[in-house]
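Here's the structure we're looking at; comments come further down.
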Amino acid sequence: MASAHSFTSYHAYLQSIFDQRAQKNANYSLRAFARDLDLSPSRLSEILRGAPISVFSAKKVARHLGLSDTENNYLLDLVRSAVSRSP
């Protein structure tokens, strides 16, 4: 799995994880990825297309991905910076 630190967008990071899993298993679907992240398929689709995600949901996603503490913190920083009103 690619390191979260090599991404500047949580959308791109999640898409990359999905792509890697789908490459390993041709039958792996967005629905399966949503199940693995404990999200609805429609919500995951929205997120991958650029919809914002809450910090609460991001924490849940990070937990389901089994991220290290530093990757978890980086992912949450990406989410916070995406919804921040100031740069």
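Simple scheme: letters A, B, ... for chains in structure tokens order, numbers from 1 for residues in each chain, numbers from 1 for ligands in the order shown.
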
Which residues are close to Leu39 of chain A, i.e. within 12 Å by only C-alpha atoms, leaving aside same-chain residues fewer than 3 positions away? Reply as a PDB file with all heavy atoms, in the first residue's frame.
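Below is the file that was written, selection-v1.pdb:
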```pdb
ATOM      1  N   LEU A  30     -16.060  -1.327  -5.856  1.00  0.00           N
ATOM      2  CA  LEU A  30     -16.247  -0.173  -4.992  1.00  0.00           C
ATOM      3  C   LEU A  30     -17.130  -0.551  -3.807  1.00  0.00           C
ATOM      4  O   LEU A  30     -16.905  -0.099  -2.685  1.00  0.00           O
ATOM      5  CB  LEU A  30     -16.867   0.981  -5.779  1.00  0.00           C
ATOM      6  CG  LEU A  30     -16.928   2.310  -5.069  1.00  0.00           C
ATOM      7  CD1 LEU A  30     -15.532   2.855  -4.837  1.00  0.00           C
ATOM      8  CD2 LEU A  30     -17.744   3.290  -5.865  1.00  0.00           C
ATOM      9  N   ARG A  31     -18.104  -1.405  -4.055  1.00  0.00           N
ATOM     10  CA  ARG A  31     -18.981  -1.879  -2.981  1.00  0.00           C
ATOM     11  C   ARG A  31     -18.179  -2.640  -1.928  1.00  0.00           C
ATOM     12  O   ARG A  31     -18.378  -2.462  -0.730  1.00  0.00           O
ATOM     13  CB  ARG A  31     -20.081  -2.759  -3.559  1.00  0.00           C
ATOM     14  CG  ARG A  31     -21.115  -3.197  -2.562  1.00  0.00           C
ATOM     15  CD  ARG A  31     -22.232  -4.002  -3.229  1.00  0.00           C
ATOM     16  NE  ARG A  31     -22.949  -3.251  -4.223  1.00  0.00           N
ATOM     17  CZ  ARG A  31     -23.958  -2.413  -3.967  1.00  0.00           C
ATOM     18  NH1 ARG A  31     -24.347  -2.232  -2.735  1.00  0.00           N
ATOM     19  NH2 ARG A  31     -24.565  -1.767  -4.934  1.00  0.00           N
ATOM     20  N   ALA A  32     -17.242  -3.467  -2.372  1.00  0.00           N
ATOM     21  CA  ALA A  32     -16.398  -4.222  -1.431  1.00  0.00           C
ATOM     22  C   ALA A  32     -15.485  -3.275  -0.648  1.00  0.00           C
ATOM     23  O   ALA A  32     -15.294  -3.447   0.557  1.00  0.00           O
ATOM     24  CB  ALA A  32     -15.567  -5.254  -2.180  1.00  0.00           C
ATOM     25  N   PHE A  33     -14.950  -2.272  -1.331  1.00  0.00           N
ATOM     26  CA  PHE A  33     -14.089  -1.304  -0.663  1.00  0.00           C
ATOM     27  C   PHE A  33     -14.890  -0.523   0.376  1.00  0.00           C
ATOM     28  O   PHE A  33     -14.424  -0.307   1.502  1.00  0.00           O
ATOM     29  CB  PHE A  33     -13.465  -0.368  -1.701  1.00  0.00           C
ATOM     30  CG  PHE A  33     -12.371   0.534  -1.190  1.00  0.00           C
ATOM     31  CD1 PHE A  33     -11.407   0.086  -0.290  1.00  0.00           C
ATOM     32  CD2 PHE A  33     -12.273   1.838  -1.643  1.00  0.00           C
ATOM     33  CE1 PHE A  33     -10.394   0.919   0.161  1.00  0.00           C
ATOM     34  CE2 PHE A  33     -11.263   2.682  -1.206  1.00  0.00           C
ATOM     35  CZ  PHE A  33     -10.321   2.219  -0.295  1.00  0.00           C
ATOM     36  N   ALA A  34     -16.096  -0.131   0.018  1.00  0.00           N
ATOM     37  CA  ALA A  34     -16.963   0.581   0.962  1.00  0.00           C
ATOM     38  C   ALA A  34     -17.252  -0.293   2.180  1.00  0.00           C
ATOM     39  O   ALA A  34     -17.217   0.188   3.317  1.00  0.00           O
ATOM     40  CB  ALA A  34     -18.263   0.991   0.271  1.00  0.00           C
ATOM     41  N   ARG A  35     -17.516  -1.553   1.956  1.00  0.00           N
ATOM     42  CA  ARG A  35     -17.750  -2.482   3.075  1.00  0.00           C
ATOM     43  C   ARG A  35     -16.532  -2.555   3.971  1.00  0.00           C
ATOM     44  O   ARG A  35     -16.643  -2.501   5.203  1.00  0.00           O
ATOM     45  CB  ARG A  35     -18.095  -3.875   2.522  1.00  0.00           C
ATOM     46  CG  ARG A  35     -18.362  -4.915   3.601  1.00  0.00           C
ATOM     47  CD  ARG A  35     -18.259  -6.336   3.086  1.00  0.00           C
ATOM     48  NE  ARG A  35     -16.900  -6.583   2.627  1.00  0.00           N
ATOM     49  CZ  ARG A  35     -16.581  -7.137   1.461  1.00  0.00           C
ATOM     50  NH1 ARG A  35     -17.499  -7.507   0.607  1.00  0.00           N
ATOM     51  NH2 ARG A  35     -15.319  -7.321   1.132  1.00  0.00           N
ATOM     52  N   ASP A  36     -15.342  -2.650   3.357  1.00  0.00           N
ATOM     53  CA  ASP A  36     -14.102  -2.730   4.127  1.00  0.00           C
ATOM     54  C   ASP A  36     -13.855  -1.474   4.962  1.00  0.00           C
ATOM     55  O   ASP A  36     -13.222  -1.540   6.006  1.00  0.00           O
ATOM     56  CB  ASP A  36     -12.906  -2.963   3.209  1.00  0.00           C
ATOM     57  CG  ASP A  36     -12.931  -4.332   2.538  1.00  0.00           C
ATOM     58  OD1 ASP A  36     -13.716  -5.204   2.966  1.00  0.00           O
ATOM     59  OD2 ASP A  36     -12.162  -4.510   1.565  1.00  0.00           O
ATOM     60  N   SER A  42     -22.478   4.526  -1.869  1.00  0.00           N
ATOM     61  CA  SER A  42     -22.753   5.845  -2.448  1.00  0.00           C
ATOM     62  C   SER A  42     -21.904   6.923  -1.773  1.00  0.00           C
ATOM     63  O   SER A  42     -21.393   7.828  -2.442  1.00  0.00           O
ATOM     64  CB  SER A  42     -24.236   6.188  -2.352  1.00  0.00           C
ATOM     65  OG  SER A  42     -24.658   6.236  -1.007  1.00  0.00           O
ATOM     66  N   ARG A  43     -21.738   6.823  -0.483  1.00  0.00           N
ATOM     67  CA  ARG A  43     -20.920   7.813   0.241  1.00  0.00           C
ATOM     68  C   ARG A  43     -19.459   7.716  -0.190  1.00  0.00           C
ATOM     69  O   ARG A  43     -18.794   8.733  -0.409  1.00  0.00           O
ATOM     70  CB  ARG A  43     -21.047   7.605   1.760  1.00  0.00           C
ATOM     71  CG  ARG A  43     -20.267   8.605   2.558  1.00  0.00           C
ATOM     72  CD  ARG A  43     -20.816  10.020   2.374  1.00  0.00           C
ATOM     73  NE  ARG A  43     -19.979  10.962   3.102  1.00  0.00           N
ATOM     74  CZ  ARG A  43     -19.438  12.046   2.557  1.00  0.00           C
ATOM     75  NH1 ARG A  43     -19.677  12.370   1.314  1.00  0.00           N
ATOM     76  NH2 ARG A  43     -18.675  12.834   3.279  1.00  0.00           N
ATOM     77  N   LEU A  44     -18.942   6.502  -0.317  1.00  0.00           N
ATOM     78  CA  LEU A  44     -17.565   6.328  -0.766  1.00  0.00           C
ATOM     79  C   LEU A  44     -17.392   6.892  -2.169  1.00  0.00           C
ATOM     80  O   LEU A  44     -16.405   7.571  -2.455  1.00  0.00           O
ATOM     81  CB  LEU A  44     -17.154   4.860  -0.730  1.00  0.00           C
ATOM     82  CG  LEU A  44     -15.753   4.558  -1.239  1.00  0.00           C
ATOM     83  CD1 LEU A  44     -14.691   5.327  -0.456  1.00  0.00           C
ATOM     84  CD2 LEU A  44     -15.473   3.077  -1.207  1.00  0.00           C
ATOM     85  N   SER A  45     -18.333   6.648  -3.039  1.00  0.00           N
ATOM     86  CA  SER A  45     -18.275   7.189  -4.395  1.00  0.00           C
ATOM     87  C   SER A  45     -18.220   8.711  -4.372  1.00  0.00           C
ATOM     88  O   SER A  45     -17.437   9.330  -5.100  1.00  0.00           O
ATOM     89  CB  SER A  45     -19.478   6.711  -5.202  1.00  0.00           C
ATOM     90  OG  SER A  45     -19.453   7.238  -6.494  1.00  0.00           O
ATOM     91  N   GLU A  46     -19.039   9.325  -3.529  1.00  0.00           N
ATOM     92  CA  GLU A  46     -19.024  10.785  -3.396  1.00  0.00           C
ATOM     93  C   GLU A  46     -17.660  11.279  -2.925  1.00  0.00           C
ATOM     94  O   GLU A  46     -17.133  12.269  -3.439  1.00  0.00           O
ATOM     95  CB  GLU A  46     -20.093  11.235  -2.401  1.00  0.00           C
ATOM     96  CG  GLU A  46     -21.506  11.054  -2.879  1.00  0.00           C
ATOM     97  CD  GLU A  46     -22.530  11.298  -1.778  1.00  0.00           C
ATOM     98  OE1 GLU A  46     -22.141  11.485  -0.606  1.00  0.00           O
ATOM     99  OE2 GLU A  46     -23.732  11.287  -2.097  1.00  0.00           O
ATOM    100  N   ILE A  47     -17.105  10.601  -1.947  1.00  0.00           N
ATOM    101  CA  ILE A  47     -15.801  10.992  -1.402  1.00  0.00           C
ATOM    102  C   ILE A  47     -14.722  10.895  -2.475  1.00  0.00           C
ATOM    103  O   ILE A  47     -13.901  11.796  -2.639  1.00  0.00           O
ATOM    104  CB  ILE A  47     -15.441  10.142  -0.168  1.00  0.00           C
ATOM    105  CG1 ILE A  47     -16.389  10.468   0.987  1.00  0.00           C
ATOM    106  CG2 ILE A  47     -13.986  10.343   0.240  1.00  0.00           C
ATOM    107  CD1 ILE A  47     -16.332   9.479   2.122  1.00  0.00           C
ATOM    108  N   ILE A  53     -15.182  14.894   3.612  1.00  0.00           N
ATOM    109  CA  ILE A  53     -15.406  13.836   4.595  1.00  0.00           C
ATOM    110  C   ILE A  53     -15.182  14.454   5.973  1.00  0.00           C
ATOM    111  O   ILE A  53     -14.317  15.322   6.138  1.00  0.00           O
ATOM    112  CB  ILE A  53     -14.467  12.631   4.348  1.00  0.00           C
ATOM    113  CG1 ILE A  53     -14.777  11.462   5.281  1.00  0.00           C
ATOM    114  CG2 ILE A  53     -13.025  13.037   4.442  1.00  0.00           C
ATOM    115  CD1 ILE A  53     -13.985  10.200   4.957  1.00  0.00           C
ATOM    116  N   SER A  57     -15.446  10.517  10.258  1.00  0.00           N
ATOM    117  CA  SER A  57     -15.442   9.458   9.236  1.00  0.00           C
ATOM    118  C   SER A  57     -14.021   9.124   8.803  1.00  0.00           C
ATOM    119  O   SER A  57     -13.701   7.962   8.547  1.00  0.00           O
ATOM    120  CB  SER A  57     -16.262   9.884   8.022  1.00  0.00           C
ATOM    121  OG  SER A  57     -17.626   9.948   8.349  1.00  0.00           O
ATOM    122  N   ALA A  58     -13.168  10.140   8.724  1.00  0.00           N
ATOM    123  CA  ALA A  58     -11.775   9.901   8.349  1.00  0.00           C
ATOM    124  C   ALA A  58     -11.073   9.028   9.387  1.00  0.00           C
ATOM    125  O   ALA A  58     -10.276   8.157   9.034  1.00  0.00           O
ATOM    126  CB  ALA A  58     -11.040  11.223   8.171  1.00  0.00           C
ATOM    127  N   LYS A  60     -12.520   6.793  11.229  1.00  0.00           N
ATOM    128  CA  LYS A  60     -13.062   5.447  11.033  1.00  0.00           C
ATOM    129  C   LYS A  60     -12.386   4.770   9.841  1.00  0.00           C
ATOM    130  O   LYS A  60     -11.987   3.605   9.931  1.00  0.00           O
ATOM    131  CB  LYS A  60     -14.577   5.536  10.823  1.00  0.00           C
ATOM    132  CG  LYS A  60     -15.252   4.204  10.659  1.00  0.00           C
ATOM    133  CD  LYS A  60     -16.754   4.310  10.693  1.00  0.00           C
ATOM    134  CE  LYS A  60     -17.309   4.983   9.467  1.00  0.00           C
ATOM    135  NZ  LYS A  60     -18.776   4.835   9.344  1.00  0.00           N
ATOM    136  N   VAL A  61     -12.224   5.511   8.751  1.00  0.00           N
ATOM    137  CA  VAL A  61     -11.568   4.969   7.560  1.00  0.00           C
ATOM    138  C   VAL A  61     -10.127   4.583   7.884  1.00  0.00           C
ATOM    139  O   VAL A  61      -9.669   3.492   7.530  1.00  0.00           O
ATOM    140  CB  VAL A  61     -11.630   5.991   6.400  1.00  0.00           C
ATOM    141  CG1 VAL A  61     -10.664   5.619   5.287  1.00  0.00           C
ATOM    142  CG2 VAL A  61     -13.049   6.117   5.881  1.00  0.00           C
ATOM    143  N   HIS A  64      -9.983   1.375   9.817  1.00  0.00           N
ATOM    144  CA  HIS A  64     -10.270   0.202   8.984  1.00  0.00           C
ATOM    145  C   HIS A  64      -9.141  -0.106   8.005  1.00  0.00           C
ATOM    146  O   HIS A  64      -8.981  -1.253   7.595  1.00  0.00           O
ATOM    147  CB  HIS A  64     -11.591   0.372   8.240  1.00  0.00           C
ATOM    148  CG  HIS A  64     -12.787   0.222   9.122  1.00  0.00           C
ATOM    149  ND1 HIS A  64     -13.205  -0.987   9.612  1.00  0.00           N
ATOM    150  CD2 HIS A  64     -13.647   1.135   9.620  1.00  0.00           C
ATOM    151  CE1 HIS A  64     -14.271  -0.824  10.368  1.00  0.00           C
ATOM    152  NE2 HIS A  64     -14.554   0.471  10.395  1.00  0.00           N
TER     153      HIS A  64
END
```

Using only C-alpha atoms, the residue out of A:Tyr74, A:Leu67, A:Ser9, A:Val79 with shortest distance to Pro52 of chain A is A:Val79

List the spatial neighbours of Ile17 of chain A as a ChimeraX atom specification - criterion: any atom at most 12 Å away, only C-alpha atoms, same-chain residues fewer than 6 positions off excluded. /A:1-4,7,10-11,23-24,28,30,33-34,36-37,48,61-62,65,67

Residues as selected, N, CA and C atoms, written as a short mmCIF file (atom, residue, chain, number, x, y, z; two decimals), in the first residue's frame, can you do that?
```cif
data_model
loop_
_atom_site.label_atom_id
_atom_site.label_comp_id
_atom_site.auth_asym_id
_atom_site.auth_seq_id
_atom_site.Cartn_x
_atom_site.Cartn_y
_atom_site.Cartn_z
N MET A 1 0.85 -1.18 0.00
CA MET A 1 0.00 0.00 0.00
C MET A 1 0.89 1.24 0.00
N ALA A 2 0.50 2.20 -0.82
CA ALA A 2 1.26 3.44 -0.91
C ALA A 2 1.17 4.21 0.39
N SER A 3 2.21 4.92 0.71
CA SER A 3 2.23 5.72 1.92
C SER A 3 1.34 6.94 1.74
N ALA A 4 0.60 7.26 2.78
CA ALA A 4 -0.26 8.44 2.74
C ALA A 4 0.55 9.70 2.52
N PHE A 7 0.83 11.69 -0.89
CA PHE A 7 -0.37 12.28 -1.48
C PHE A 7 -0.65 13.64 -0.87
N TYR A 10 -6.68 13.50 0.27
CA TYR A 10 -7.18 12.24 0.80
C TYR A 10 -8.01 11.50 -0.24
N HIS A 11 -8.61 12.23 -1.18
CA HIS A 11 -9.39 11.59 -2.26
C HIS A 11 -8.45 10.71 -3.10
N GLN A 23 -6.43 -4.06 -8.51
CA GLN A 23 -5.41 -4.65 -9.37
C GLN A 23 -5.04 -6.05 -8.89
N LYS A 24 -5.03 -6.24 -7.58
CA LYS A 24 -4.72 -7.56 -7.02
C LYS A 24 -5.87 -8.55 -7.22
N TYR A 28 -12.67 -7.20 -7.16
CA TYR A 28 -12.81 -6.24 -6.07
C TYR A 28 -13.54 -5.01 -6.59
N LEU A 30 -16.06 -1.33 -5.86
CA LEU A 30 -16.25 -0.17 -4.99
C LEU A 30 -17.13 -0.55 -3.81
N PHE A 33 -14.95 -2.27 -1.33
CA PHE A 33 -14.09 -1.30 -0.66
C PHE A 33 -14.89 -0.52 0.38
N ALA A 34 -16.10 -0.13 0.02
CA ALA A 34 -16.96 0.58 0.96
C ALA A 34 -17.25 -0.29 2.18
N ASP A 36 -15.34 -2.65 3.36
CA ASP A 36 -14.10 -2.73 4.13
C ASP A 36 -13.85 -1.47 4.96
N LEU A 37 -14.35 -0.33 4.48
CA LEU A 37 -14.16 0.94 5.19
C LEU A 37 -15.34 1.29 6.08
N LEU A 48 -14.73 9.80 -3.23
CA LEU A 48 -13.72 9.62 -4.26
C LEU A 48 -13.87 10.66 -5.38
N VAL A 61 -12.22 5.51 8.75
CA VAL A 61 -11.57 4.97 7.56
C VAL A 61 -10.13 4.58 7.88
N ALA A 62 -9.41 5.46 8.57
CA ALA A 62 -8.02 5.18 8.93
C ALA A 62 -7.92 3.93 9.80
N LEU A 65 -8.37 0.91 7.65
CA LEU A 65 -7.22 0.68 6.77
C LEU A 65 -6.01 0.18 7.55
N LEU A 67 -3.89 2.03 9.38
CA LEU A 67 -2.77 2.95 9.18
C LEU A 67 -1.92 3.08 10.44
#
```

Nearest candidate to Tyr13 of chain A (options A:Asn25, A:Arg63, A:Leu78, A:Val55; using only C-alpha atoms):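 Comparing A:Asn25, A:Arg63, A:Leu78, A:Val55 against Tyr13 of chain A, the winner is A:Leu78.
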
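Counting only C-alpha atoms and comparing A:Leu14, A:Thr8, A:Gly50, A:Arg21, the residue that lies closest to Ser81 of chain A is A:Thr8.
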
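Computed from the coordinates, the atom CA of Thr70 of chain A to atom CA of Ser40 of chain A distance equals 26.4 Å.
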
Between atom CA of Ala51 of chain A and atom CA of Gln15 of chain A lies a distance of 13.0 Å

Apply DSSP to the backbone of this structure and, from chain A, keep only the residues in alpha helix (DSSP H); write these as a VMD selection string. chain A and resid 10 to 24 30 to 37 41 to 48 55 to 65 69 to 83

Any idea what the distance is between atom CA of Asp77 of chain A and atom CA of Phe18 of chain A?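 Here the two named atoms are 20.5 Å from each other.
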